[in-house]
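Trainee: Sharing a structure with you now.
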Amino acid sequence: MEDFWIMAQSTATQAPVVRPAGTITALNADEFRAALQEQLADGAKDLTIDLSDVDLIDSRGLAVFVVCHQTLLARGGTLTVLGADANLKGLFRVIRLDEHFRVLD
Amino acid sequence: MLSDQNELIESFVTEAAEGLDGIETDLLAMEADGANIDVERVNKIFRSIHSIKGTAGFLGLTAIGALSHEMENVLNMIRNRELTPGEAVVEALIRGSDLLRNMVSDVNGSNGVDVSKHVAALKSAVKGQASPAVAETPDHEIDVLMPSGGVAFMGVSEKALRRQQERNCHIHVVEADLINDVESKGLTPVQFLQRVYACAELMDSYISTSGVGTLDSKLPAELLFRMLLASEHGPDDLHLELGLPSDRVHPIATPDHGPWDSPRSTPSPGPAAEETARAKMAVAAPAPGVSVRPEEAADSARPSAAPVKADATLRVGVRILDNLMTLAGELVLARNQLLQISASKSQAGIDSVANRIDQVTSDLQEAIMQTRMQPVGTVLGKFQRVVRDLSKTLNKQCDLFIEGNEVELDKTIIEAIGDPLTHLVRNALDHGLETPDRREAKGKKPTGQVHIRAFHQGGKVNITIADDGAGIDPEKLKTKAVQKKIITSDQARSMSEREAIRLIFHPGFSMAEKVTEVSGRGVGMDVVRTNIEKLGGTVDVETQLGAGTTIAIRLPLTLAIIPALIVWCNEKKYALPQVHIHELIRVKASEVRSKIRRINDAEVLHLRGSLLPLVRLSKALGVPSRFRARHDGPLADNHRLALADRRDDGAPLAADNRRDGASDRREDTHEGALNIIVAEAGALRYGLVVDGLDDSQEIVVKPLGRHMKQCICLAGATVLGDGRVAMILDVTGISQHCGLKAPDDTQTDAADAAKDAQDLCTVLMFRNHETEHFAVPTALISRIENIKAEQIDSVGGREILQYRGRSLPLLRLEHYVKAKPGEVHGGCHVAVFNVADHEVGLVIPRLGDIRDISTHLDTAAFCEPGVFGSLIVQDATTRVVDLIAVTRRAYAEWFEAAGGAASGPAGIRIVLAEDSAFFRGQVVSFLHSAGFEVEAFNDGEGAWARLQKSGPPVDLVLTDIEMPRVTGLELTRRIKADPRLRTIPVFALTSLVGAANLQQGREAGVDEYLVKLDRELLISAIQKRLGGAGGPYAANGSASALVGRPS
């Protein structure tokens, strides 16, 4: 699992930011999910995922994003995705996930 | 309320789904009709959508509400012929109904559905249709559908699709599961997309985000991704290119043909191959954002396709189903027994099996009926919302009270009464209730009340809708009806109030003074009535001006099986529904003459003090009334009919009977007797004369064929136990056929009268000026003369009537009380009465009825000499005239003469106990005019106190019987028990003398009974009593000596 780690930061005033690195695949998707779940455990409505250090997401990884979005939606919050590379941004656009959550540079 | 909510949602889903089920067929048929719309069909669609909208709003299903609202608007425009249901419009509607169906199937998630596109599509469809001059080949947004019928992609540019076709591309919808189809092959989503791009153009895509769960649950096992692809590859090799299973690829269009190539306007069957292709294809449509399913497309290709009725579904409680199963089991057992008995050819036991089958069948019938029964609350529950919204729109305040939600009705009826009830509730708010400030001005609470009550009564379900609003003015209705040429002004004049109010049910009659938004949309009251009557129910209106209106609906519990009485007429059996039967009466031949009267052309029956119009069934049906002289004898015309018919020439009935030589041969041993069924048709009650009565049966109602529609006397037909067909009589229809009219309020008045008979007074009603109503007690009037204007002479400022060789002084009311002058044209009436030994006539310009009125008069509103007070009679304020006071104002000298002459009784003192101010005033003025001294008290207590006290001696006590605190009888007992007072004569005054009263009075010690207001009798009785007991004053004196000084 050297190719995947997660940095998370959470302050009282700001929405939690999760910054995974490496690849998000079937192998670590559940770990990723658990990390997000932990960040949202205190009932936060918004969450930012910083993808600056991610270079590959597979279908199950993608599923985590969808699930995360649905979770926040149910709380009335928003998912924001930052720093995706061109490939990933293209993916989000093509499969129209950018219509569901915010994809920023 | 919360559990209600769940129940409501459940019932909403069922209803909405049912409503939507047949809607497409109807929409398409509507499109086929084009500008020549079938209003009933449009209404049907409108109602389905409308009820969805209403309930959705109530349940807070905003998205469903918004969409159905927009659809309703469009349908309303179509209904009002403001919009032709063209392709675009109909497709917008169909697409809307598709989405509605989806939302309804997931009610809880429906609020999350975005309906804005559909709403916009509906709006633009209307616009596009309304202004046909749009740009040539505009780009349309269309929906691409899955073969399963679901919408795959919404709002795709038609131009773009056509461009792809022009580039020789096929159009596909591809659904891929990113996890199972893509990841399992070791591809990342980006890699998969690269593969897609390699062989196709991605026109649109969609990733399913619903149903994936949350972060707290396991990750989803699939992630569906849907693409709209344009590709040179056909469906057969595209899945290979993409590395997907073949069932993931759904072809939409070939380069040669797309579903948007007006697939629905080319009914000609194309080549077989193309047909199959089309059938398999998902279809999109050539109009702004609309689409149709293939099946419907096929339907619409047959313009005259008969609308297919949606199979209605029903929710049935498990307990009822269990019960049905048990009963079915019982039935099987009984059948087995029957088979066994039949096989053994034994008679024994067949009775018990028959009993058993009878029992089980009855239970089974009941259980099956139960499955159709639904609480009426499912309909009534909607009205809270209706009332809330309406009162906002109308700026009125209204509280709605609903009672009887649990009352159950047949499902068919429940469904059918929704619209009529809604209309009635709307009416109650719109026309019934006044605005808050107007209510306050009338002294009512600003918040109006509408009560909806459902209850069982007489085997029927009654639903009443009562408001406490302004009521309906029958005069206004008449005026309006005359204006609208519904009735002539002559008819209007002869119309009773009840009839006038029933005018609101006349087709083409709008009750609203102005058609408001609220009332304008709905159906008229005539439609309400028609709909209710179609269900075998009746509607009735009760209204009191200023106090409110009550609409009463009576509905049968069920339509299918009803109890009925079988009657004979012309040798045939007819069935008369029991619900219409109030009672059965048999009038013996010997009583026919005394009980049945002929008024003009109509027969009436004297029934317990009221007159009941009679209808001969044979006459109504146009068949001869016959009897069979002997079982083998020939049929002869029934002489009974002839008897009654001949009665108007005055021939005595007995003679008729004698002439009727055949009577002793009649099958009917009580020859000449009449069998009368007292039938109820709404407010109307009449007697139906039939040839004979048979038993009562439960009959299964079969509708009559269309060719029998004209027969308003018949409601249907049934097959009797003996296999014969019997017609079912329509009680309302018969009354209409025979021109019977609903009675005026007299019956109810009479009932009220019986209640407080003690306080009634018979008065002559009249009008002085056209608009002012008066009444005088008839007891004072000796006769009424009809005179001509020229018979009146004016002598010395007073009017005199020359009549019977004498001069009768005339009084005109307007000279003595505040009244507008009455005009006398040509002739008038004069009421002649006796006051202070003089005969006087009161000029009566417009004579009215003689009525019994309550003597509890309002003495505050009109307080002047000559008027006792006022009361409301038939909604008109009527002043009761004090003739003696009026005469005193005119001829004061007569009274002085009477008093001065002291025709004997000077110094005689009478104590009067009477609780009615009216009678008290009246009697006091009689006695004064005769020269007696009177001390009047308003109850026995007061009179008793007076008698106990010292004061001038009392010579006679006059007392009413019914009084508060101490009654007349009690007062009499006390007087007769007191040794000092017992010699004082006690006269009881009463308006009605009954035997029981007399007996009680005698026991109490009443010396004489007198009828109230009979002045002459009263005076003479007093004089006789006081004068007869050993000289006028001796007796008086001795009585005084005994009574006068008790201390």
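Numbering starts fresh at 1 for the residues of each chain in the structure tokens, the chains themselves are lettered A, B, ... in the order given, and ligands are numbered from 1 as they appear.
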With a cut-off of 6 Å and counting only C-alpha atoms, select all residues of chain A in contact with chain B and give the selection as a PyMOL selection string.
Mentor: chain A and resi 37+58-59+67-68+71+95
Trainee: Keeping only N, CA, C and O atoms, take the residues you just selected and write them out as a short mmCIF file (atom, residue, chain, number, x, y, z; two decimals), in the first residue's frame.
Mentor:
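Generated output (part-v7.cif):
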```cif
data_model
loop_
_atom_site.label_atom_id
_atom_site.label_comp_id
_atom_site.auth_asym_id
_atom_site.auth_seq_id
_atom_site.Cartn_x
_atom_site.Cartn_y
_atom_site.Cartn_z
N GLN A 37 -15.38 8.74 5.90
CA GLN A 37 -16.42 8.55 6.90
C GLN A 37 -15.98 9.13 8.24
O GLN A 37 -16.74 9.80 8.92
N ASP A 58 -9.73 4.23 -10.22
CA ASP A 58 -10.47 3.23 -10.99
C ASP A 58 -11.96 3.32 -10.65
O ASP A 58 -12.40 4.20 -9.92
N SER A 59 -12.73 2.38 -11.19
CA SER A 59 -14.17 2.48 -11.06
C SER A 59 -14.64 2.46 -9.61
O SER A 59 -15.53 3.21 -9.21
N VAL A 67 -20.49 7.99 -3.74
CA VAL A 67 -21.09 7.72 -2.43
C VAL A 67 -20.92 8.92 -1.51
O VAL A 67 -21.84 9.32 -0.80
N CYS A 68 -19.72 9.48 -1.55
CA CYS A 68 -19.43 10.62 -0.69
C CYS A 68 -20.35 11.79 -1.04
O CYS A 68 -20.89 12.46 -0.17
N THR A 71 -23.76 11.17 0.30
CA THR A 71 -23.81 11.33 1.75
C THR A 71 -23.93 12.80 2.13
O THR A 71 -24.74 13.18 2.97
N ILE A 95 -18.17 11.90 -17.54
CA ILE A 95 -19.24 11.14 -16.90
C ILE A 95 -20.18 12.05 -16.10
O ILE A 95 -21.07 11.59 -15.41
#
```
Trainee: List the neighbours of Thr378 of chain B out to 12 Å using only C-alpha atoms; skip same-chain residues closer than 4 positions along the sequence, and give me the result as a PyMOL selection string.
Mentor: chain B and resi 4-12+14-15+55+373-374+382-384+402+404-409+411+413-415+417-418
Trainee: For segment 947-949 of chain B, list every protein, DNA or RNA residue within 12 Å, evaluated using only C-alpha atoms, and leave out those in the same chain fewer than 2 positions away; present the list as a ChimeraX atom specification.
Mentor: /B:909-913,935-937,940-945,951-957,971-972,974-975,978-982,984,1040,1042-1047
Trainee: Need the shell around segment 820-836 of chain B: protein/DNA/RNA residues with any atom at most 6 Å away, counting only C-alpha atoms. Skip same-chain ones fewer than 4 positions apart. Format as a list of chain:residue names?
Mentor: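 Once the adjacent positions are removed, what remains is B:Asn768, B:His769, B:Leu780, B:Ile781, B:Ser782, B:Arg783, B:Ile784, B:Glu785, B:Asn786, B:Ile787, B:Lys788, B:Ala789, B:Glu814, B:Val840, B:Gly841, B:Leu842, B:Val843, B:Ile844, B:Pro845, B:Ser929.
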Trainee: Among chain A, which residues carry a DSSP assignment of helix (DSSP H, G or I), reported as an MDAnalysis selection string?
Mentor: chainID A and resid 29:39 59:75 86:94 97:99
Trainee: Interatomic distance between atom CA of Gly61 of chain A and atom CA of Asn87 of chain A?
Mentor: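 Atom-to-atom, atom CA of Gly61 of chain A to atom CA of Asn87 of chain A, that is 14.6 Å.
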Trainee: Rank A:Leu82, A:Leu88, A:Leu104, A:Ala26 by their smallest atom-to-atom distance to Ile49 of chain A, using only C-alpha atoms, and report the top residue only.
Mentor: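 When distances to Ile49 of chain A are compared using only C-alpha atoms, the smallest one comes from A:Leu82.
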Trainee: Could you state the separation of atom CA of Lys572 of chain B and atom CA of Ser594 of chain B in Å, given to one decimal place?
Mentor: 29.6 Å
Trainee: What does the distance between atom CA of Ala589 of chain B and atom CA of His606 of chain B come to in Å, to one decimal place?
Mentor: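 Taking atom CA of Ala589 of chain B and atom CA of His606 of chain B, their separation equals 14.5 Å.
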Trainee: Go through segment 799-957 of chain B and collect every residue that DSSP, computed from the backbone, puts in strand (DSSP E); the answer should be as an NGL selection string.
Mentor: :B and (799-803 or 806-811 or 827-835 or 838-844 or 846-854 or 867-873 or 876-881 or 909-913 or 933-937 or 956-957)
